[in-house]
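To be precise, the following lines are final_1.cif, and they hold mmCIF, N, CA and C atoms.
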data_run
#
loop_
_atom_site.label_atom_id
_atom_site.label_comp_id
_atom_site.auth_asym_id
_atom_site.auth_seq_id
_atom_site.Cartn_x
_atom_site.Cartn_y
_atom_site.Cartn_z
N MET A 1 106.37 151.44 73.64
CA MET A 1 107.75 151.46 73.16
C MET A 1 107.89 150.53 71.96
N ASP A 2 108.70 150.95 71.00
CA ASP A 2 108.93 150.13 69.81
C ASP A 2 109.53 148.79 70.24
N MET A 3 108.97 147.71 69.67
CA MET A 3 109.37 146.37 70.12
C MET A 3 110.87 146.11 69.90
N ARG A 4 111.41 146.62 68.78
CA ARG A 4 112.83 146.39 68.52
C ARG A 4 113.68 147.03 69.61
N ARG A 5 113.25 148.23 70.03
CA ARG A 5 113.98 148.94 71.09
C ARG A 5 113.82 148.21 72.43
N LEU A 6 112.60 147.74 72.70
CA LEU A 6 112.32 147.04 73.96
C LEU A 6 113.18 145.77 74.07
N VAL A 7 113.20 144.99 72.98
CA VAL A 7 114.01 143.76 72.99
C VAL A 7 115.48 144.11 73.21
N GLY A 8 115.93 145.18 72.53
CA GLY A 8 117.34 145.58 72.65
C GLY A 8 117.70 146.00 74.05
N LEU A 9 116.83 146.79 74.67
CA LEU A 9 117.10 147.27 76.04
C LEU A 9 117.11 146.10 77.03
N ASN A 10 116.11 145.19 76.88
CA ASN A 10 116.06 144.04 77.79
C ASN A 10 117.27 143.14 77.60
N PHE A 11 117.61 142.90 76.32
CA PHE A 11 118.74 142.01 76.03
C PHE A 11 120.03 142.57 76.61
N SER A 12 120.25 143.85 76.42
CA SER A 12 121.48 144.50 76.93
C SER A 12 121.52 144.46 78.46
N ARG A 13 120.38 144.78 79.10
CA ARG A 13 120.32 144.78 80.57
C ARG A 13 120.65 143.40 81.13
N ILE A 14 120.03 142.35 80.53
CA ILE A 14 120.24 140.98 81.04
C ILE A 14 121.67 140.51 80.76
N ARG A 15 122.16 140.85 79.56
CA ARG A 15 123.54 140.45 79.22
C ARG A 15 124.52 141.02 80.25
N LYS A 16 124.37 142.31 80.55
CA LYS A 16 125.27 142.97 81.52
C LYS A 16 125.09 142.36 82.91
N ALA A 17 123.84 142.04 83.26
CA ALA A 17 123.60 141.42 84.57
C ALA A 17 124.30 140.07 84.66
N ARG A 18 124.49 139.43 83.53
CA ARG A 18 125.20 138.14 83.48
C ARG A 18 126.72 138.35 83.43
N GLY A 19 127.15 139.62 83.39
CA GLY A 19 128.58 139.92 83.36
C GLY A 19 129.22 139.56 82.03
N LEU A 20 128.42 139.57 80.97
CA LEU A 20 128.94 139.20 79.65
C LEU A 20 129.15 140.44 78.78
N THR A 21 130.25 140.42 78.03
CA THR A 21 130.43 141.45 77.01
C THR A 21 129.73 140.97 75.74
N GLN A 22 129.56 141.87 74.76
CA GLN A 22 128.96 141.45 73.50
C GLN A 22 129.86 140.40 72.83
N GLU A 23 131.19 140.63 72.90
CA GLU A 23 132.13 139.68 72.29
C GLU A 23 132.00 138.31 72.99
N GLY A 24 132.00 138.36 74.32
CA GLY A 24 131.92 137.10 75.08
C GLY A 24 130.65 136.34 74.74
N LEU A 25 129.54 137.07 74.66
CA LEU A 25 128.27 136.41 74.35
C LEU A 25 128.27 135.86 72.93
N SER A 26 128.91 136.59 72.02
CA SER A 26 128.91 136.11 70.63
C SER A 26 129.69 134.79 70.54
N GLU A 27 130.73 134.65 71.36
CA GLU A 27 131.51 133.40 71.31
C GLU A 27 130.71 132.21 71.80
N ILE A 28 129.83 132.44 72.78
CA ILE A 28 129.11 131.28 73.35
C ILE A 28 127.72 131.09 72.73
N SER A 29 127.31 132.05 71.86
CA SER A 29 125.90 131.97 71.41
C SER A 29 125.76 131.68 69.92
N GLY A 30 126.79 131.96 69.15
CA GLY A 30 126.63 131.76 67.71
C GLY A 30 126.10 133.00 67.00
N PHE A 31 125.66 134.01 67.77
CA PHE A 31 125.27 135.28 67.15
C PHE A 31 126.54 136.12 67.01
N THR A 32 126.66 136.84 65.91
CA THR A 32 127.85 137.67 65.74
C THR A 32 127.77 138.87 66.69
N GLN A 33 128.94 139.45 66.98
CA GLN A 33 128.98 140.62 67.87
C GLN A 33 128.23 141.76 67.18
N GLN A 34 128.32 141.83 65.84
CA GLN A 34 127.61 142.88 65.09
C GLN A 34 126.09 142.74 65.26
N TYR A 35 125.61 141.48 65.16
CA TYR A 35 124.16 141.26 65.32
C TYR A 35 123.72 141.68 66.72
N ILE A 36 124.51 141.30 67.73
CA ILE A 36 124.17 141.65 69.11
C ILE A 36 124.16 143.17 69.27
N SER A 37 125.15 143.83 68.71
CA SER A 37 125.22 145.29 68.79
C SER A 37 124.01 145.94 68.11
N ASP A 38 123.69 145.46 66.92
CA ASP A 38 122.51 146.01 66.20
C ASP A 38 121.23 145.76 67.00
N LEU A 39 121.11 144.53 67.53
CA LEU A 39 119.91 144.16 68.31
C LEU A 39 119.72 145.10 69.49
N GLU A 40 120.83 145.34 70.21
CA GLU A 40 120.76 146.15 71.41
C GLU A 40 120.47 147.62 71.09
N ARG A 41 120.74 148.04 69.86
CA ARG A 41 120.43 149.42 69.45
C ARG A 41 119.07 149.50 68.76
N GLY A 42 118.30 148.39 68.85
CA GLY A 42 116.94 148.43 68.30
C GLY A 42 116.90 148.38 66.79
N ARG A 43 117.96 147.86 66.20
CA ARG A 43 118.05 147.87 64.73
C ARG A 43 117.69 146.50 64.12
N ARG A 44 117.30 145.56 64.97
CA ARG A 44 116.92 144.25 64.45
C ARG A 44 115.47 143.95 64.78
N ASN A 45 114.83 143.12 63.99
CA ASN A 45 113.42 142.76 64.19
C ASN A 45 113.33 141.24 64.20
N PRO A 46 113.82 140.59 65.26
CA PRO A 46 113.93 139.12 65.27
C PRO A 46 112.56 138.43 65.24
N THR A 47 112.57 137.24 64.63
CA THR A 47 111.36 136.42 64.68
C THR A 47 111.28 135.74 66.04
N VAL A 48 110.14 135.10 66.30
CA VAL A 48 109.98 134.46 67.62
C VAL A 48 110.95 133.28 67.77
N VAL A 49 111.29 132.62 66.67
CA VAL A 49 112.26 131.51 66.75
C VAL A 49 113.64 132.06 67.10
N THR A 50 114.04 133.17 66.46
CA THR A 50 115.33 133.79 66.80
C THR A 50 115.31 134.29 68.24
N LEU A 51 114.15 134.82 68.67
CA LEU A 51 114.01 135.31 70.05
C LEU A 51 114.26 134.16 71.04
N PHE A 52 113.79 132.97 70.67
CA PHE A 52 114.01 131.79 71.53
C PHE A 52 115.51 131.53 71.69
N HIS A 53 116.24 131.59 70.57
CA HIS A 53 117.70 131.33 70.63
C HIS A 53 118.42 132.45 71.39
N LEU A 54 117.97 133.69 71.20
CA LEU A 54 118.56 134.82 71.93
C LEU A 54 118.34 134.64 73.43
N ALA A 55 117.13 134.25 73.80
CA ALA A 55 116.80 134.06 75.23
C ALA A 55 117.61 132.89 75.79
N SER A 56 117.76 131.84 75.01
CA SER A 56 118.52 130.68 75.48
C SER A 56 119.98 131.07 75.74
N ALA A 57 120.51 131.95 74.90
CA ALA A 57 121.91 132.39 75.06
C ALA A 57 122.10 133.08 76.40
N LEU A 58 121.03 133.73 76.90
CA LEU A 58 121.12 134.44 78.19
C LEU A 58 120.48 133.65 79.31
N ASP A 59 120.00 132.43 78.98
CA ASP A 59 119.37 131.56 79.98
C ASP A 59 118.16 132.24 80.65
N VAL A 60 117.32 132.88 79.81
CA VAL A 60 116.06 133.44 80.30
C VAL A 60 114.94 132.90 79.41
N GLU A 61 113.70 133.12 79.85
CA GLU A 61 112.56 132.71 79.03
C GLU A 61 112.32 133.77 77.94
N PRO A 62 111.92 133.33 76.73
CA PRO A 62 111.73 134.30 75.65
C PRO A 62 110.84 135.48 76.03
N TYR A 63 109.77 135.23 76.79
CA TYR A 63 108.85 136.34 77.10
C TYR A 63 109.56 137.44 77.90
N GLU A 64 110.64 137.08 78.63
CA GLU A 64 111.34 138.07 79.45
C GLU A 64 111.99 139.16 78.61
N LEU A 65 112.22 138.85 77.31
CA LEU A 65 112.83 139.87 76.44
C LEU A 65 111.78 140.86 75.94
N LEU A 66 110.48 140.57 76.21
CA LEU A 66 109.41 141.44 75.70
C LEU A 66 108.70 142.19 76.81
N VAL A 67 109.11 141.93 78.07
CA VAL A 67 108.41 142.58 79.20
C VAL A 67 108.96 143.99 79.37
N GLU A 68 108.04 144.97 79.57
CA GLU A 68 108.48 146.35 79.82
C GLU A 68 108.82 146.44 81.30
N SER A 69 110.13 146.52 81.60
CA SER A 69 110.52 146.56 83.02
C SER A 69 110.40 147.99 83.53
N GLU A 70 110.16 148.12 84.89
CA GLU A 70 109.94 149.44 85.52
C GLU A 70 111.21 150.26 85.44
N SER A 71 112.41 149.54 85.57
CA SER A 71 113.69 150.30 85.71
C SER A 71 113.94 151.17 84.50
N MET B 1 108.79 123.94 74.08
CA MET B 1 107.83 123.88 72.98
C MET B 1 108.29 124.81 71.86
N ASP B 2 108.05 124.42 70.63
CA ASP B 2 108.43 125.26 69.49
C ASP B 2 107.69 126.60 69.60
N MET B 3 108.44 127.68 69.38
CA MET B 3 107.87 129.02 69.59
C MET B 3 106.68 129.29 68.67
N ARG B 4 106.76 128.80 67.43
CA ARG B 4 105.64 129.03 66.50
C ARG B 4 104.37 128.38 67.04
N ARG B 5 104.53 127.16 67.60
CA ARG B 5 103.38 126.44 68.16
C ARG B 5 102.87 127.16 69.41
N LEU B 6 103.80 127.61 70.25
CA LEU B 6 103.43 128.30 71.49
C LEU B 6 102.62 129.56 71.20
N VAL B 7 103.13 130.37 70.25
CA VAL B 7 102.41 131.60 69.88
C VAL B 7 101.03 131.24 69.34
N GLY B 8 100.97 130.20 68.51
CA GLY B 8 99.69 129.80 67.93
C GLY B 8 98.69 129.37 68.96
N LEU B 9 99.14 128.55 69.91
CA LEU B 9 98.24 128.06 70.96
C LEU B 9 97.74 129.22 71.84
N ASN B 10 98.69 130.12 72.22
CA ASN B 10 98.29 131.26 73.05
C ASN B 10 97.32 132.17 72.30
N PHE B 11 97.65 132.43 71.02
CA PHE B 11 96.81 133.33 70.23
C PHE B 11 95.39 132.77 70.10
N SER B 12 95.29 131.48 69.81
CA SER B 12 93.98 130.83 69.64
C SER B 12 93.19 130.86 70.96
N ARG B 13 93.88 130.52 72.07
CA ARG B 13 93.21 130.51 73.38
C ARG B 13 92.64 131.88 73.73
N ILE B 14 93.47 132.93 73.53
CA ILE B 14 93.04 134.29 73.89
C ILE B 14 91.93 134.77 72.95
N ARG B 15 92.08 134.45 71.65
CA ARG B 15 91.03 134.87 70.68
C ARG B 15 89.68 134.28 71.10
N LYS B 16 89.68 132.99 71.42
CA LYS B 16 88.41 132.34 71.82
C LYS B 16 87.90 132.93 73.12
N ALA B 17 88.80 133.23 74.04
CA ALA B 17 88.38 133.83 75.31
C ALA B 17 87.72 135.20 75.06
N ARG B 18 88.11 135.84 73.99
CA ARG B 18 87.51 137.14 73.62
C ARG B 18 86.22 136.93 72.83
N GLY B 19 85.87 135.66 72.58
CA GLY B 19 84.63 135.37 71.84
C GLY B 19 84.72 135.76 70.37
N LEU B 20 85.94 135.74 69.84
CA LEU B 20 86.13 136.14 68.44
C LEU B 20 86.38 134.92 67.56
N THR B 21 85.79 134.95 66.36
CA THR B 21 86.12 133.93 65.36
C THR B 21 87.35 134.43 64.60
N GLN B 22 87.98 133.53 63.84
CA GLN B 22 89.12 133.96 63.02
C GLN B 22 88.66 135.03 62.02
N GLU B 23 87.46 134.81 61.44
CA GLU B 23 86.94 135.77 60.46
C GLU B 23 86.70 137.13 61.14
N GLY B 24 86.07 137.07 62.30
CA GLY B 24 85.77 138.31 63.02
C GLY B 24 87.03 139.07 63.36
N LEU B 25 88.04 138.33 63.83
CA LEU B 25 89.30 139.00 64.19
C LEU B 25 89.99 139.56 62.95
N SER B 26 89.89 138.84 61.84
CA SER B 26 90.56 139.35 60.63
C SER B 26 89.94 140.66 60.19
N GLU B 27 88.62 140.81 60.41
CA GLU B 27 87.96 142.06 59.99
C GLU B 27 88.42 143.25 60.83
N ILE B 28 88.70 143.00 62.11
CA ILE B 28 89.04 144.15 62.97
C ILE B 28 90.56 144.33 63.12
N SER B 29 91.35 143.38 62.55
CA SER B 29 92.79 143.46 62.84
C SER B 29 93.65 143.77 61.61
N GLY B 30 93.14 143.51 60.45
CA GLY B 30 93.98 143.72 59.26
C GLY B 30 94.78 142.50 58.89
N PHE B 31 94.80 141.48 59.74
CA PHE B 31 95.44 140.20 59.39
C PHE B 31 94.40 139.37 58.63
N THR B 32 94.84 138.67 57.60
CA THR B 32 93.88 137.85 56.85
C THR B 32 93.50 136.64 57.70
N GLN B 33 92.33 136.07 57.39
CA GLN B 33 91.86 134.88 58.12
C GLN B 33 92.86 133.74 57.87
N GLN B 34 93.43 133.69 56.64
CA GLN B 34 94.42 132.65 56.32
C GLN B 34 95.66 132.78 57.22
N TYR B 35 96.13 134.04 57.39
CA TYR B 35 97.30 134.26 58.24
C TYR B 35 97.01 133.80 59.67
N ILE B 36 95.84 134.18 60.17
CA ILE B 36 95.46 133.81 61.54
C ILE B 36 95.38 132.29 61.67
N SER B 37 94.81 131.64 60.67
CA SER B 37 94.69 130.18 60.69
C SER B 37 96.09 129.53 60.68
N ASP B 38 96.95 130.01 59.81
CA ASP B 38 98.33 129.48 59.75
C ASP B 38 99.05 129.71 61.09
N LEU B 39 98.90 130.93 61.63
CA LEU B 39 99.57 131.29 62.89
C LEU B 39 99.15 130.33 64.00
N GLU B 40 97.83 130.09 64.08
CA GLU B 40 97.30 129.26 65.16
C GLU B 40 97.72 127.80 65.01
N ARG B 41 98.08 127.39 63.77
CA ARG B 41 98.56 126.01 63.55
C ARG B 41 100.09 125.95 63.61
N GLY B 42 100.70 127.03 64.09
CA GLY B 42 102.15 127.01 64.28
C GLY B 42 102.95 127.09 62.99
N ARG B 43 102.31 127.59 61.95
CA ARG B 43 102.95 127.62 60.62
C ARG B 43 103.56 129.00 60.31
N ARG B 44 103.49 129.93 61.25
CA ARG B 44 104.06 131.26 61.00
C ARG B 44 105.16 131.55 62.01
N ASN B 45 106.11 132.38 61.61
CA ASN B 45 107.25 132.73 62.49
C ASN B 45 107.31 134.26 62.57
N PRO B 46 106.35 134.88 63.26
CA PRO B 46 106.25 136.34 63.24
C PRO B 46 107.44 137.04 63.89
N THR B 47 107.74 138.23 63.38
CA THR B 47 108.77 139.05 64.02
C THR B 47 108.17 139.71 65.26
N VAL B 48 109.03 140.34 66.07
CA VAL B 48 108.52 140.96 67.30
C VAL B 48 107.59 142.13 66.96
N VAL B 49 107.84 142.82 65.86
CA VAL B 49 106.95 143.93 65.47
C VAL B 49 105.57 143.38 65.08
N THR B 50 105.55 142.28 64.31
CA THR B 50 104.26 141.66 63.97
C THR B 50 103.58 141.15 65.24
N LEU B 51 104.37 140.60 66.16
CA LEU B 51 103.83 140.09 67.42
C LEU B 51 103.11 141.22 68.18
N PHE B 52 103.70 142.43 68.12
CA PHE B 52 103.09 143.59 68.77
C PHE B 52 101.70 143.86 68.18
N HIS B 53 101.61 143.80 66.84
CA HIS B 53 100.31 144.07 66.19
C HIS B 53 99.31 142.96 66.48
N LEU B 54 99.81 141.71 66.51
CA LEU B 54 98.93 140.59 66.85
C LEU B 54 98.39 140.74 68.27
N ALA B 55 99.26 141.12 69.20
CA ALA B 55 98.85 141.28 70.59
C ALA B 55 97.86 142.44 70.72
N SER B 56 98.12 143.51 69.98
CA SER B 56 97.22 144.67 70.02
C SER B 56 95.82 144.28 69.54
N ALA B 57 95.78 143.41 68.53
CA ALA B 57 94.48 142.98 67.98
C ALA B 57 93.66 142.27 69.05
N LEU B 58 94.34 141.60 69.98
CA LEU B 58 93.64 140.88 71.06
C LEU B 58 93.65 141.66 72.36
N ASP B 59 94.22 142.88 72.32
CA ASP B 59 94.29 143.72 73.52
C ASP B 59 95.02 143.03 74.68
N VAL B 60 96.15 142.39 74.35
CA VAL B 60 97.02 141.82 75.39
C VAL B 60 98.43 142.37 75.17
N GLU B 61 99.30 142.14 76.16
CA GLU B 61 100.69 142.56 76.00
C GLU B 61 101.43 141.52 75.15
N PRO B 62 102.38 141.96 74.30
CA PRO B 62 103.07 141.02 73.44
C PRO B 62 103.67 139.82 74.18
N TYR B 63 104.23 140.06 75.38
CA TYR B 63 104.89 138.95 76.08
C TYR B 63 103.88 137.84 76.42
N GLU B 64 102.58 138.20 76.53
CA GLU B 64 101.57 137.19 76.89
C GLU B 64 101.43 136.12 75.83
N LEU B 65 101.85 136.44 74.59
CA LEU B 65 101.76 135.44 73.51
C LEU B 65 102.92 134.45 73.57
N LEU B 66 103.92 134.73 74.44
CA LEU B 66 105.10 133.87 74.52
C LEU B 66 105.18 133.09 75.82
N VAL B 67 104.20 133.35 76.73
CA VAL B 67 104.26 132.68 78.03
C VAL B 67 103.70 131.27 77.90
N GLU B 68 104.41 130.29 78.49
CA GLU B 68 103.91 128.91 78.48
C GLU B 68 102.88 128.79 79.60
N SER B 69 101.59 128.71 79.22
CA SER B 69 100.55 128.66 80.26
C SER B 69 100.41 127.23 80.76
N GLU B 70 99.96 127.12 82.07
CA GLU B 70 99.84 125.79 82.73
C GLU B 70 98.77 124.96 82.01
N SER B 71 97.67 125.66 81.53
CA SER B 71 96.49 124.89 81.03
C SER B 71 96.86 124.04 79.84
#
Structure re-expressed in structure tokens:
Amino acid sequence: MDMRRLVGLNFSRIRKARGLTQEGLSEISGFTQQYISDLERGRRNPTVVTLFHLASALDVEPYELLVESES
Amino acid sequence: MDMRRLVGLNFSRIRKARGLTQEGLSEISGFTQQYISDLERGRRNPTVVTLFHLASALDVEPYELLVESES
């Protein structure tokens, strides 16, 4: 699977599991709602440093955004 | 740990475990020896797409380059 799509799918799944909307997450993370929306649609290609900040916003480890989950 | 350093340490550890030199890996991967050297010293900030190609060069999953190993 394309990495941008994988990161987007994982990020969206975890965000929803945390009960957060894109708007809500943007307020607490410093990422714009547009960036989050683009990311979740596989339209962003974040660096590993940005991945760290994205993972921190969801309180997960960065590698968790790159794991291909069975679901 | 800084993500650039983490990726570098993991990449170097796995490369050596594969018995590959930086020069040898650069010949089979398309990454220059300079890039590999910089990466392993934590001087590069690869995107997730580049991370996929780096992981493929070592025949590991991309997330394995982001896991904080105990060793």
Can you give me chain A superposed onto chain B, least-squares on all Cα in order, written as a compact mmCIF listing (two decimals) with N, CA and C atoms, in the frame of the given file?
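Generated output (superposed12.txt):
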# COMPACT_ATOMS: atom_id res chain seq x y z
N MET A 1 108.78 123.88 74.07
CA MET A 1 107.82 123.88 72.97
C MET A 1 108.28 124.82 71.87
N ASP A 2 108.04 124.42 70.63
CA ASP A 2 108.42 125.26 69.49
C ASP A 2 107.68 126.59 69.59
N MET A 3 108.45 127.68 69.39
CA MET A 3 107.88 129.01 69.60
C MET A 3 106.67 129.28 68.68
N ARG A 4 106.75 128.79 67.43
CA ARG A 4 105.64 129.03 66.51
C ARG A 4 104.37 128.38 67.04
N ARG A 5 104.54 127.17 67.60
CA ARG A 5 103.39 126.45 68.15
C ARG A 5 102.87 127.16 69.41
N LEU A 6 103.80 127.62 70.25
CA LEU A 6 103.43 128.30 71.50
C LEU A 6 102.62 129.58 71.19
N VAL A 7 103.13 130.37 70.24
CA VAL A 7 102.42 131.60 69.87
C VAL A 7 101.03 131.26 69.34
N GLY A 8 100.97 130.20 68.51
CA GLY A 8 99.68 129.80 67.92
C GLY A 8 98.69 129.37 68.96
N LEU A 9 99.14 128.56 69.91
CA LEU A 9 98.24 128.07 70.97
C LEU A 9 97.74 129.22 71.84
N ASN A 10 98.69 130.13 72.21
CA ASN A 10 98.28 131.27 73.05
C ASN A 10 97.32 132.18 72.30
N PHE A 11 97.65 132.43 71.02
CA PHE A 11 96.80 133.33 70.23
C PHE A 11 95.39 132.77 70.10
N SER A 12 95.30 131.49 69.81
CA SER A 12 93.98 130.84 69.64
C SER A 12 93.19 130.86 70.95
N ARG A 13 93.87 130.53 72.07
CA ARG A 13 93.21 130.51 73.38
C ARG A 13 92.64 131.88 73.72
N ILE A 14 93.47 132.94 73.52
CA ILE A 14 93.04 134.30 73.88
C ILE A 14 91.92 134.78 72.94
N ARG A 15 92.09 134.46 71.65
CA ARG A 15 91.05 134.87 70.68
C ARG A 15 89.69 134.29 71.10
N LYS A 16 89.68 133.00 71.41
CA LYS A 16 88.42 132.33 71.81
C LYS A 16 87.90 132.92 73.12
N ALA A 17 88.81 133.23 74.04
CA ALA A 17 88.38 133.83 75.31
C ALA A 17 87.72 135.18 75.06
N ARG A 18 88.11 135.83 73.99
CA ARG A 18 87.51 137.13 73.62
C ARG A 18 86.21 136.93 72.83
N GLY A 19 85.86 135.66 72.57
CA GLY A 19 84.62 135.36 71.84
C GLY A 19 84.72 135.75 70.37
N LEU A 20 85.93 135.75 69.84
CA LEU A 20 86.12 136.14 68.44
C LEU A 20 86.37 134.91 67.56
N THR A 21 85.78 134.94 66.36
CA THR A 21 86.12 133.93 65.37
C THR A 21 87.35 134.42 64.61
N GLN A 22 87.98 133.54 63.83
CA GLN A 22 89.12 133.97 63.03
C GLN A 22 88.66 135.03 62.02
N GLU A 23 87.47 134.81 61.43
CA GLU A 23 86.95 135.77 60.45
C GLU A 23 86.71 137.13 61.14
N GLY A 24 86.06 137.06 62.30
CA GLY A 24 85.76 138.31 63.02
C GLY A 24 87.03 139.07 63.36
N LEU A 25 88.04 138.34 63.82
CA LEU A 25 89.29 139.00 64.18
C LEU A 25 89.99 139.57 62.95
N SER A 26 89.88 138.85 61.83
CA SER A 26 90.56 139.35 60.63
C SER A 26 89.91 140.67 60.19
N GLU A 27 88.61 140.81 60.39
CA GLU A 27 87.95 142.06 59.99
C GLU A 27 88.40 143.24 60.82
N ILE A 28 88.69 142.99 62.10
CA ILE A 28 89.04 144.14 62.97
C ILE A 28 90.55 144.34 63.11
N SER A 29 91.34 143.39 62.54
CA SER A 29 92.79 143.47 62.84
C SER A 29 93.64 143.78 61.61
N GLY A 30 93.12 143.51 60.43
CA GLY A 30 93.96 143.73 59.26
C GLY A 30 94.77 142.50 58.88
N PHE A 31 94.78 141.47 59.75
CA PHE A 31 95.43 140.21 59.39
C PHE A 31 94.39 139.38 58.63
N THR A 32 94.83 138.67 57.60
CA THR A 32 93.88 137.85 56.86
C THR A 32 93.49 136.64 57.71
N GLN A 33 92.32 136.06 57.38
CA GLN A 33 91.86 134.88 58.12
C GLN A 33 92.85 133.74 57.87
N GLN A 34 93.43 133.69 56.66
CA GLN A 34 94.42 132.65 56.34
C GLN A 34 95.66 132.78 57.23
N TYR A 35 96.13 134.04 57.40
CA TYR A 35 97.31 134.25 58.25
C TYR A 35 97.01 133.81 59.68
N ILE A 36 95.83 134.18 60.18
CA ILE A 36 95.45 133.81 61.54
C ILE A 36 95.38 132.29 61.67
N SER A 37 94.80 131.64 60.69
CA SER A 37 94.70 130.18 60.70
C SER A 37 96.09 129.53 60.69
N ASP A 38 96.95 130.03 59.82
CA ASP A 38 98.33 129.48 59.76
C ASP A 38 99.06 129.72 61.09
N LEU A 39 98.90 130.94 61.62
CA LEU A 39 99.56 131.29 62.90
C LEU A 39 99.15 130.34 64.00
N GLU A 40 97.83 130.09 64.09
CA GLU A 40 97.31 129.27 65.16
C GLU A 40 97.72 127.80 65.00
N ARG A 41 98.09 127.40 63.79
CA ARG A 41 98.57 126.02 63.56
C ARG A 41 100.09 125.94 63.62
N GLY A 42 100.72 127.05 64.10
CA GLY A 42 102.17 127.01 64.28
C GLY A 42 102.94 127.08 62.98
N ARG A 43 102.31 127.61 61.96
CA ARG A 43 102.95 127.62 60.63
C ARG A 43 103.56 129.00 60.30
N ARG A 44 103.48 129.93 61.24
CA ARG A 44 104.06 131.24 60.99
C ARG A 44 105.16 131.53 61.99
N ASN A 45 106.10 132.37 61.63
CA ASN A 45 107.23 132.72 62.50
C ASN A 45 107.30 134.24 62.57
N PRO A 46 106.36 134.88 63.27
CA PRO A 46 106.25 136.35 63.24
C PRO A 46 107.46 137.03 63.90
N THR A 47 107.74 138.23 63.38
CA THR A 47 108.77 139.05 64.02
C THR A 47 108.17 139.71 65.26
N VAL A 48 109.04 140.34 66.05
CA VAL A 48 108.53 140.96 67.29
C VAL A 48 107.61 142.14 66.96
N VAL A 49 107.85 142.82 65.85
CA VAL A 49 106.96 143.93 65.46
C VAL A 49 105.59 143.38 65.08
N THR A 50 105.55 142.28 64.31
CA THR A 50 104.27 141.66 63.97
C THR A 50 103.58 141.14 65.22
N LEU A 51 104.38 140.60 66.16
CA LEU A 51 103.83 140.09 67.42
C LEU A 51 103.12 141.23 68.18
N PHE A 52 103.71 142.42 68.11
CA PHE A 52 103.10 143.59 68.76
C PHE A 52 101.71 143.86 68.17
N HIS A 53 101.62 143.82 66.84
CA HIS A 53 100.32 144.08 66.18
C HIS A 53 99.32 142.95 66.47
N LEU A 54 99.81 141.71 66.51
CA LEU A 54 98.94 140.58 66.84
C LEU A 54 98.40 140.74 68.26
N ALA A 55 99.27 141.12 69.18
CA ALA A 55 98.86 141.28 70.59
C ALA A 55 97.88 142.45 70.70
N SER A 56 98.12 143.51 69.96
CA SER A 56 97.23 144.67 70.02
C SER A 56 95.83 144.28 69.52
N ALA A 57 95.78 143.41 68.52
CA ALA A 57 94.48 142.98 67.97
C ALA A 57 93.66 142.27 69.03
N LEU A 58 94.35 141.61 69.98
CA LEU A 58 93.64 140.88 71.06
C LEU A 58 93.65 141.65 72.36
N ASP A 59 94.23 142.88 72.32
CA ASP A 59 94.29 143.73 73.51
C ASP A 59 95.02 143.04 74.68
N VAL A 60 96.16 142.40 74.35
CA VAL A 60 97.02 141.83 75.39
C VAL A 60 98.43 142.38 75.16
N GLU A 61 99.30 142.15 76.15
CA GLU A 61 100.69 142.56 76.00
C GLU A 61 101.44 141.52 75.15
N PRO A 62 102.38 141.97 74.30
CA PRO A 62 103.08 141.02 73.44
C PRO A 62 103.67 139.83 74.19
N TYR A 63 104.23 140.06 75.38
CA TYR A 63 104.88 138.95 76.08
C TYR A 63 103.88 137.84 76.42
N GLU A 64 102.58 138.19 76.53
CA GLU A 64 101.57 137.19 76.89
C GLU A 64 101.41 136.12 75.82
N LEU A 65 101.85 136.45 74.58
CA LEU A 65 101.75 135.44 73.51
C LEU A 65 102.91 134.45 73.57
N LEU A 66 103.91 134.73 74.45
CA LEU A 66 105.10 133.87 74.52
C LEU A 66 105.17 133.10 75.82
N VAL A 67 104.20 133.34 76.72
CA VAL A 67 104.26 132.68 78.04
C VAL A 67 103.70 131.27 77.90
N GLU A 68 104.41 130.28 78.51
CA GLU A 68 103.90 128.90 78.49
C GLU A 68 102.88 128.79 79.62
N SER A 69 101.60 128.71 79.24
CA SER A 69 100.56 128.65 80.28
C SER A 69 100.42 127.22 80.77
N GLU A 70 99.96 127.07 82.07
CA GLU A 70 99.85 125.74 82.71
C GLU A 70 98.79 124.92 82.00
N SER A 71 97.67 125.65 81.54
CA SER A 71 96.49 124.89 81.03
C SER A 71 96.87 124.04 79.84
Do me a favour and pick out the residues of chain B within 8 Å of chain A, using only N, CA and C atoms, as a list in words.
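Filtering chain B at 8 Å from chain A with only N, CA and C atoms gives Asp2, Met3, Arg4, Arg44, Asn45, Pro46, Thr47, Val48, Val49, Thr50, Leu51, Phe52, Glu61, Pro62, Tyr63, Glu64, Leu65, Leu66, Val67 and Glu68 of chain B.
Atom N of Gly42 in chain B is found 18.9 Å from atom N of Ser29 in chain B.
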What separates CA of His53 in chain A and CA of Ala17 in chain A is a distance of 18.2 Å
I need the residues of chain B that end up classed as alpha helix (DSSP H) by DSSP on the backbone, written out as a PyMOL selection string.
chain B and resi 3-17+22-29+33-40+48-57
Could you give me, as a PyMOL selection string, the residues within 12 Å of Gly30 in chain B, counting only C-alpha atoms and dropping anything in the same chain fewer than 3 positions from it?
chain B and resi 22-27+33-36+50+53-54+56-57
For a test of reading the model, state the distance in Å between CA of Phe31 in chain A and atom C of Met1 in chain B, rounded to one decimal.
20.5 Å
Mind giving me the axis-aligned box for range 38-48 of chain A with 8 Å on every side, centre plus edges in Å to one decimal, as AutoDock Vina command-line options?
--center_x 116.8 --center_y 141.4 --center_z 67.7 --size_x 29.7 --size_y 32.2 --size_z 23.4
